[in-house]
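The file query_13.cif comes next; it holds mmCIF, C-alpha atoms.
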data_entry
loop_
_atom_site.label_atom_id
_atom_site.label_comp_id
_atom_site.auth_asym_id
_atom_site.auth_seq_id
_atom_site.Cartn_x
_atom_site.Cartn_y
_atom_site.Cartn_z
CA MET Q 242 0.95 24.26 10.18
CA LEU Q 243 0.80 20.97 8.37
CA ALA Q 244 -0.58 21.32 4.83
CA PRO Q 245 -1.65 18.60 2.36
CA ALA Q 246 1.19 19.69 0.07
CA HIS Q 247 3.72 18.59 2.72
CA VAL Q 248 2.21 15.12 2.92
CA MET Q 249 2.01 14.90 -0.87
CA LEU Q 250 5.68 15.81 -1.20
CA PHE Q 251 6.55 13.12 1.36
CA SER Q 252 4.45 10.66 -0.64
CA LEU Q 253 6.17 11.78 -3.83
CA ALA Q 254 9.60 11.14 -2.30
CA LEU Q 255 8.55 7.66 -1.17
CA PHE Q 256 7.13 6.95 -4.64
CA GLY Q 257 10.36 8.01 -6.37
CA ILE Q 258 12.49 5.92 -4.01
CA GLY Q 259 10.20 2.93 -4.57
CA VAL Q 260 10.39 3.29 -8.36
CA VAL Q 261 14.20 3.47 -8.25
CA GLY Q 262 14.21 0.36 -6.05
CA VAL Q 263 11.98 -1.59 -8.44
CA LEU Q 264 14.16 -0.60 -11.41
CA THR Q 265 17.61 -1.14 -9.89
CA ARG Q 266 17.46 -4.09 -7.51
CA ARG Q 267 18.21 -7.60 -8.73
CA ASN Q 268 16.92 -9.47 -5.69
CA ALA Q 269 13.22 -10.07 -6.39
CA ILE Q 270 12.35 -9.90 -2.67
CA VAL Q 271 13.73 -6.36 -2.45
CA VAL Q 272 11.83 -5.48 -5.64
CA LEU Q 273 8.62 -6.53 -3.86
CA MET Q 274 9.64 -4.47 -0.81
CA SER Q 275 10.12 -1.40 -3.05
CA LEU Q 276 6.66 -2.09 -4.45
CA GLU Q 277 5.27 -1.95 -0.92
CA ILE Q 278 6.89 1.48 -0.53
CA VAL Q 279 5.05 2.61 -3.68
CA PHE Q 280 1.75 1.28 -2.25
CA ASN Q 281 2.42 3.25 0.92
CA ALA Q 282 3.03 6.41 -1.10
CA ALA Q 283 -0.34 5.98 -2.82
CA ASN Q 284 -2.03 5.39 0.53
CA LEU Q 285 -0.47 8.55 1.98
CA ASN Q 286 -2.13 10.55 -0.78
CA PHE Q 287 -5.51 8.95 -0.04
CA ILE Q 288 -5.17 9.78 3.65
CA ALA Q 289 -3.93 13.31 2.91
CA PHE Q 290 -6.95 14.05 0.73
CA ALA Q 291 -9.33 12.42 3.20
CA TRP Q 292 -7.88 14.82 5.77
CA ALA Q 293 -7.97 17.89 3.53
CA LEU Q 294 -11.48 17.59 2.14
CA PRO Q 295 -12.42 16.16 4.78
CA ASP Q 296 -14.09 12.98 3.54
CA VAL Q 297 -13.74 9.58 5.15
CA ALA Q 298 -14.03 7.83 1.74
CA GLY Q 299 -10.28 8.33 1.26
CA GLN Q 300 -9.58 6.31 4.39
CA VAL Q 301 -11.88 3.50 3.17
CA LEU Q 302 -10.01 3.42 -0.15
CA ALA Q 303 -6.72 3.27 1.75
CA LEU Q 304 -8.03 0.18 3.52
CA PHE Q 305 -8.80 -1.40 0.14
CA VAL Q 306 -5.29 -0.57 -1.07
CA ILE Q 307 -3.84 -2.27 2.03
CA CYS Q 308 -5.93 -5.39 1.26
CA VAL Q 309 -4.74 -5.47 -2.35
CA ALA Q 310 -1.14 -4.98 -1.17
CA ALA Q 311 -1.50 -7.93 1.19
CA ALA Q 312 -2.88 -10.14 -1.60
CA GLU Q 313 -0.11 -8.98 -3.93
CA ALA Q 314 2.59 -9.74 -1.36
CA ALA Q 315 1.20 -13.21 -0.69
CA ILE Q 316 0.98 -14.15 -4.37
CA GLY Q 317 4.30 -12.50 -5.26
CA LEU Q 318 6.19 -14.28 -2.51
CA ALA Q 319 4.56 -17.62 -3.40
CA ILE Q 320 5.73 -17.12 -6.99
CA LEU Q 321 9.24 -16.30 -5.71
CA ILE Q 322 9.33 -19.54 -3.72
CA THR Q 323 8.27 -21.49 -6.82
CA VAL Q 324 10.90 -19.74 -8.96
CA TYR Q 325 13.57 -20.41 -6.33
CA ARG Q 326 12.61 -24.07 -6.17
CA ASN Q 327 12.96 -24.43 -9.93
CA ARG Q 328 16.02 -22.26 -10.62
CA SER Q 329 17.82 -21.91 -7.26
CA HIS Q 330 17.96 -18.13 -7.51
CA ILE Q 331 15.56 -15.17 -7.58
CA ASN Q 332 17.71 -12.82 -9.62
CA VAL Q 333 15.26 -10.83 -11.74
CA ASP Q 334 17.90 -10.31 -14.44
CA GLU Q 335 18.13 -14.02 -15.13
CA ILE Q 336 14.42 -14.86 -14.93
CA ASP Q 337 13.84 -14.24 -18.63
CA LEU Q 338 11.94 -17.34 -19.75
CA MET Q 339 8.97 -15.24 -20.92
CA LYS Q 340 11.16 -12.57 -22.52
CA TRP Q 341 10.76 -12.55 -26.27
CA MET H 220 -6.84 21.87 14.40
CA SER H 221 -3.65 20.85 12.68
CA ALA H 222 -0.70 18.89 14.00
CA PRO H 223 2.61 20.67 14.51
CA LEU H 224 4.69 20.71 11.36
CA TRP H 225 7.93 19.66 13.06
CA ILE H 226 6.49 16.30 14.15
CA PHE H 227 5.49 15.59 10.57
CA LEU H 228 8.91 16.68 9.27
CA LEU H 229 10.61 14.37 11.75
CA LEU H 230 8.42 11.43 10.67
CA ALA H 231 8.86 12.24 6.98
CA ALA H 232 12.66 12.43 7.39
CA SER H 233 12.70 9.06 9.13
CA GLY H 234 10.41 7.57 6.48
CA VAL H 235 12.44 8.85 3.53
CA PHE H 236 15.75 7.88 5.14
CA SER H 237 14.60 4.33 5.89
CA ALA H 238 13.08 3.98 2.40
CA VAL H 239 16.46 4.97 0.89
CA MET H 240 18.12 2.39 3.13
CA VAL H 241 15.62 -0.28 1.98
CA VAL H 242 16.63 0.33 -1.62
CA THR H 243 20.39 0.58 -1.01
CA ARG H 244 21.16 -2.18 1.54
CA ARG H 245 22.58 -5.34 0.02
CA ASN H 246 21.34 -7.71 2.72
CA PRO H 247 17.56 -8.29 2.32
CA ILE H 248 17.17 -8.67 6.09
CA HIS H 249 18.54 -5.15 6.61
CA SER H 250 16.20 -3.88 3.88
CA LEU H 251 13.30 -5.55 5.64
CA LEU H 252 14.12 -3.97 9.01
CA TYR H 253 14.38 -0.52 7.42
CA LEU H 254 11.08 -1.20 5.64
CA LEU H 255 9.56 -1.73 9.09
CA VAL H 256 10.75 1.76 10.10
CA THR H 257 9.17 3.19 6.93
CA PHE H 258 5.85 1.49 7.72
CA PHE H 259 5.84 2.83 11.28
CA SER H 260 6.70 6.36 10.11
CA VAL H 261 3.85 6.27 7.60
CA ALA H 262 1.49 4.91 10.27
CA ALA H 263 2.44 7.79 12.59
CA VAL H 264 1.73 10.25 9.77
CA TYR H 265 -1.71 8.61 9.42
CA VAL H 266 -2.34 9.34 13.10
CA LEU H 267 -1.37 12.99 12.53
CA LEU H 268 -3.89 13.12 9.67
CA HIS H 269 -6.75 11.80 11.85
CA ALA H 270 -6.77 8.34 10.24
CA GLU H 271 -6.32 6.40 13.46
CA PHE H 272 -8.04 3.24 12.23
CA VAL H 273 -6.00 3.09 9.02
CA ALA H 274 -2.86 3.60 11.13
CA ALA H 275 -3.82 0.63 13.30
CA VAL H 276 -4.51 -1.50 10.21
CA GLN H 277 -1.19 -0.37 8.73
CA VAL H 278 0.68 -1.56 11.81
CA LEU H 279 -1.30 -4.82 12.06
CA VAL H 280 -1.30 -5.82 8.39
CA TYR H 281 1.99 -4.37 7.14
CA ALA H 282 4.22 -4.44 10.20
CA GLY H 283 2.54 -7.61 11.46
CA GLY H 284 1.47 -9.77 8.54
CA ILE H 285 3.39 -8.74 5.45
CA MET H 286 6.70 -8.28 7.30
CA VAL H 287 6.52 -11.82 8.72
CA LEU H 288 5.66 -13.11 5.23
CA PHE H 289 8.73 -11.37 3.79
CA LEU H 290 10.87 -12.63 6.66
CA PHE H 291 9.77 -16.24 6.09
CA VAL H 292 10.52 -16.03 2.37
CA ILE H 293 13.94 -14.46 2.98
CA LEU H 294 14.74 -17.28 5.38
CA LEU H 295 13.38 -19.94 2.97
CA VAL H 296 15.36 -18.54 0.06
CA ASP H 297 19.07 -18.95 0.72
CA VAL H 298 20.27 -15.38 1.30
CA GLY H 299 23.94 -16.30 1.14
CA ARG H 300 23.63 -17.52 -2.42
CA VAL H 301 21.43 -14.65 -3.51
CA GLU H 302 23.94 -12.16 -2.13
CA GLY H 303 26.62 -13.42 -4.51
CA LEU H 304 25.27 -11.09 -7.20
CA ARG H 305 27.48 -8.79 -9.12
CA ARG H 306 27.01 -5.11 -8.41
CA VAL H 307 24.45 -3.11 -10.32
CA ALA H 308 25.96 -1.32 -13.31
CA LYS H 309 26.40 2.41 -12.73
CA GLY H 310 24.69 3.34 -15.98
CA HIS H 311 21.67 1.28 -15.03
CA VAL H 312 21.27 3.18 -11.75
CA ALA H 313 21.56 6.51 -13.55
CA LEU H 314 18.98 5.46 -16.15
CA SER H 315 16.59 4.27 -13.43
CA ALA H 316 17.00 7.52 -11.49
CA LEU H 317 16.35 9.44 -14.71
CA LEU H 318 13.16 7.45 -15.37
CA ALA H 319 12.00 7.97 -11.78
CA ALA H 320 12.74 11.69 -12.08
CA LEU H 321 10.76 11.84 -15.33
CA VAL H 322 7.74 10.55 -13.40
CA VAL H 323 8.31 12.34 -10.10
CA VAL H 324 9.23 15.86 -11.26
CA PRO H 325 6.04 16.53 -13.30
CA LEU H 326 4.03 15.06 -10.45
CA GLY H 327 5.85 17.32 -8.00
CA VAL H 328 5.18 20.40 -10.11
CA HIS H 329 1.53 19.37 -10.27
CA VAL H 330 1.39 18.83 -6.49
CA LEU H 331 2.95 22.22 -5.72
CA GLY H 332 0.62 23.90 -8.20
CA GLY H 333 -2.68 22.24 -7.31
CA ALA H 334 -2.57 21.07 -3.69
CA PRO H 335 -5.71 21.91 -1.75
CA ALA H 336 -5.28 24.58 0.88
CA ALA H 337 -5.52 22.91 4.25
CA ALA H 338 -6.07 23.83 7.86
CA PRO H 339 -9.41 22.08 7.48
CA ASP H 340 -12.07 21.33 10.00
CA THR H 341 -11.50 17.61 10.49
CA THR H 342 -14.48 16.83 12.75
CA ALA H 343 -16.12 14.97 9.83
CA LEU H 344 -13.43 12.28 10.13
CA ALA H 345 -14.43 11.43 13.69
CA ALA H 346 -18.11 12.33 13.86
CA GLY H 347 -20.08 10.69 16.63
CA GLY H 348 -18.10 7.84 18.18
CA GLY H 349 -14.68 8.52 16.66
CA ASN H 350 -12.71 7.60 13.58
CA LEU H 351 -13.40 3.83 13.70
CA GLU H 352 -17.16 4.36 13.77
CA THR H 353 -17.03 6.88 10.92
CA VAL H 354 -14.88 4.59 8.75
CA SER H 355 -17.00 1.51 9.42
CA LEU H 356 -20.26 3.34 8.72
CA SER H 357 -18.89 4.55 5.39
CA LEU H 358 -17.46 1.10 4.64
CA PHE H 359 -20.67 -0.81 5.28
CA ARG H 360 -23.11 1.78 3.92
CA HIS H 361 -21.47 3.04 0.74
CA TYR H 362 -18.75 0.50 0.00
CA LEU H 363 -20.39 -2.80 0.89
CA LEU H 364 -20.02 -4.37 -2.57
CA PRO H 365 -16.29 -3.46 -2.89
CA PHE H 366 -15.85 -4.78 0.65
CA GLU H 367 -17.31 -8.16 -0.32
CA ALA H 368 -15.31 -8.18 -3.55
CA ILE H 369 -12.07 -7.52 -1.68
CA SER H 370 -12.84 -10.39 0.69
CA ILE H 371 -13.19 -12.71 -2.32
CA LEU H 372 -9.90 -11.30 -3.67
CA LEU H 373 -8.19 -12.14 -0.39
CA LEU H 374 -9.65 -15.66 -0.46
CA VAL H 375 -8.41 -16.15 -4.03
CA ALA H 376 -4.97 -14.84 -3.03
CA LEU H 377 -4.89 -17.21 -0.06
CA VAL H 378 -5.79 -20.26 -2.14
CA GLY H 379 -3.45 -19.17 -4.92
CA ALA H 380 -0.51 -18.70 -2.56
CA VAL H 381 -1.07 -22.15 -1.03
CA VAL H 382 -1.31 -23.78 -4.47
CA LEU H 383 1.76 -21.96 -5.81
CA ALA H 384 3.99 -22.62 -2.82
CA ARG H 385 2.98 -26.29 -2.46
CA ALA H 386 5.88 -28.68 -2.84
CA ARG H 387 4.29 -31.07 -5.38
CA TYR H 388 1.53 -30.32 -7.86
#
Serialized structure, structure tokens:
Amino acid sequence: MLAPAHVMLFSLALFGIGVVGVLTRRNAIVVLMSLEIVFNAANLNFIAFAWALPDVAGQVLALFVICVAAAEAAIGLAILITVYRNRSHINVDEIDLMKW
Amino acid sequence: MSAPLWIFLLLAASGVFSAVMVVTRRNPIHSLLYLLVTFFSVAAVYVLLHAEFVAAVQVLVYAGGIMVLFLFVILLVDVGRVEGLRRVAKGHVALSALLAALVVVPLGVHVLGGAPAAAPDTTALAAGGGNLETVSLSLFRHYLLPFEAISILLLVALVGAVVLARARY
């Protein structure tokens, strides 16, 4: 039988993979993709708890997370286009203008 | 009534495998296609957990909208030049994995220790006319203000993206 702990371990694995992706990749687009994996891991937990309690509020919160992820992707990718236009690359190692 | 475990394990294996491929592929297009597999695996898990509406939104918004957005940006940004990067230093990968493990392992211990016992009665998730009706009733009765706030957030993101990506200021 499927238990919430199974889903939470799956979510944990996705979260860890996403964190490693954010920390290791140089291509800013792939960093944003890894961030989407992390969002999905958080959403899995919401859905798992909504299923376990059971309370539909978790599913509503998951919808809000999806909306925020969409807004984040739109803004993030617009920023990447601007950075690419100015510097001709999107290598996160070399975008250090605001680094003190 | 709970879904068979082996279906979930299959979906979880496909999700984890494709997520690893997203992080390890050098070509962003390959990463994107594997990300699509991850999104579909997660959406299928949502269906198993009686979140049919969220699964549909996941497929529509992530696999439909966000994927196309990523695809457009990958095509706008010259992939050939971006791919000329030097390889990631080995020590950097090890350090990142260590940091991720520092976060994930305590969380995992916590999950294994405090997960709610399941095999629940899930009729509350689809009371009356099904999952969509239940979600929308909760959304518009108890979460109306956050719903309106999120619509303003999306409008701001839309305007902001247009302003940022415009050719001339």
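For the pair CA of Phe256 in chain Q and CA of Val279 in chain Q, the interatomic distance is 4.9 Å.
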Inset, instruction - Between CA of Gly349 in chain H and CA of Ala303 in chain Q, measure the distance and give it in Å to one decimal. - result: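 CA of Gly349 in chain H sits 17.7 Å away from CA of Ala303 in chain Q.
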Once you count only C-alpha atoms, what closest atom pair and distance in Å to one decimal does each residue of chain Q within 7 Å of chain H have, with rows by chain and rising residue number, as CSV?
residue,atom,partner,partner_atom,distance
Q:Met242,CA,H:Leu224,CA,5.3
Q:Leu243,CA,H:Leu224,CA,4.9
Q:Ala244,CA,H:Ala337,CA,5.2
Q:Pro245,CA,H:Ala337,CA,6.1
Q:Ala246,CA,H:Ala334,CA,5.5
Q:Met249,CA,H:Val330,CA,6.9
Q:Leu250,CA,H:Gly327,CA,7.0
Q:Phe251,CA,H:Ala231,CA,6.1
Q:Leu253,CA,H:Val323,CA,6.6
Q:Ala254,CA,H:Val235,CA,6.9
Q:Leu255,CA,H:Val235,CA,6.2
Q:Gly257,CA,H:Ala319,CA,5.7
Q:Ile258,CA,H:Val239,CA,6.4
Q:Val260,CA,H:Ala319,CA,6.0
Q:Val261,CA,H:Ser315,CA,5.8
Q:Gly262,CA,H:Val242,CA,5.0
Q:Leu264,CA,H:Ser315,CA,5.8
Q:Thr265,CA,H:Val312,CA,6.0
Q:Val271,CA,H:Pro247,CA,6.4
Q:Ser275,CA,H:Val242,CA,6.9
Q:Ile288,CA,H:Tyr265,CA,6.8
Q:Ala289,CA,H:Leu268,CA,6.8
Q:Trp292,CA,H:Leu268,CA,5.8
Q:Ala293,CA,H:Ala337,CA,5.6
Q:Pro295,CA,H:Thr341,CA,6.0
Q:Asp296,CA,H:Leu344,CA,6.7
Q:Val297,CA,H:Leu344,CA,5.7
Q:Ala298,CA,H:Ser357,CA,6.9
Q:Gln300,CA,H:Val273,CA,6.7
Q:Val301,CA,H:Leu358,CA,6.2
Q:Leu304,CA,H:Val273,CA,6.5
Q:Ala311,CA,H:Ile285,CA,6.5
Q:Ala312,CA,H:Ala376,CA,5.3
Q:Ala314,CA,H:Ile285,CA,6.9
Q:Ala315,CA,H:Ala380,CA,6.0
Q:Ile316,CA,H:Ala380,CA,5.1
Q:Leu318,CA,H:Val292,CA,6.8
Q:Ala319,CA,H:Ala384,CA,5.1
Q:Ile320,CA,H:Leu383,CA,6.4
Q:Ile322,CA,H:Ala384,CA,6.2
Q:Thr323,CA,H:Ala384,CA,6.0
Q:Tyr325,CA,H:Val296,CA,6.9
Q:His330,CA,H:Val301,CA,6.3
Inset, instruction - Can you work out the spacing between CA of His247 in chain Q and CA of Leu302 in chain Q in Å, to one decimal? - result: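 Distance between the two atoms: 20.7 Å.
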What box, with edges along x, y and z, holds each listed atom of range 258-277 of chain Q when 4 Å is added on every side, and can you state its centre and edge lengths in Å to one decimal, as JSON?
{"center_x": 11.7, "center_y": -2.1, "center_z": -6.1, "size_x": 20.9, "size_y": 24.0, "size_z": 18.6}
Inset, instruction - Rank Q:Gly299, Q:Glu277, Q:Met339, Q:Leu294 by their smallest atom-to-atom distance to Ala282 in chain H, using only C-alpha atoms, and report the top residue only. - result: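 Among Q:Gly299, Q:Glu277, Q:Met339, Q:Leu294, it is Q:Glu277 that comes nearest to Ala282 in chain H.
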Inset, instruction - Using all atoms listed in the file, pick whichever of Q:Val263, Q:Val248, Q:Val306, Q:Ala269 has the shortest atom-to-atom distance to Val333 in chain Q. - result: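 For Val333 in chain Q, the nearest of the given residues is Q:Ala269.
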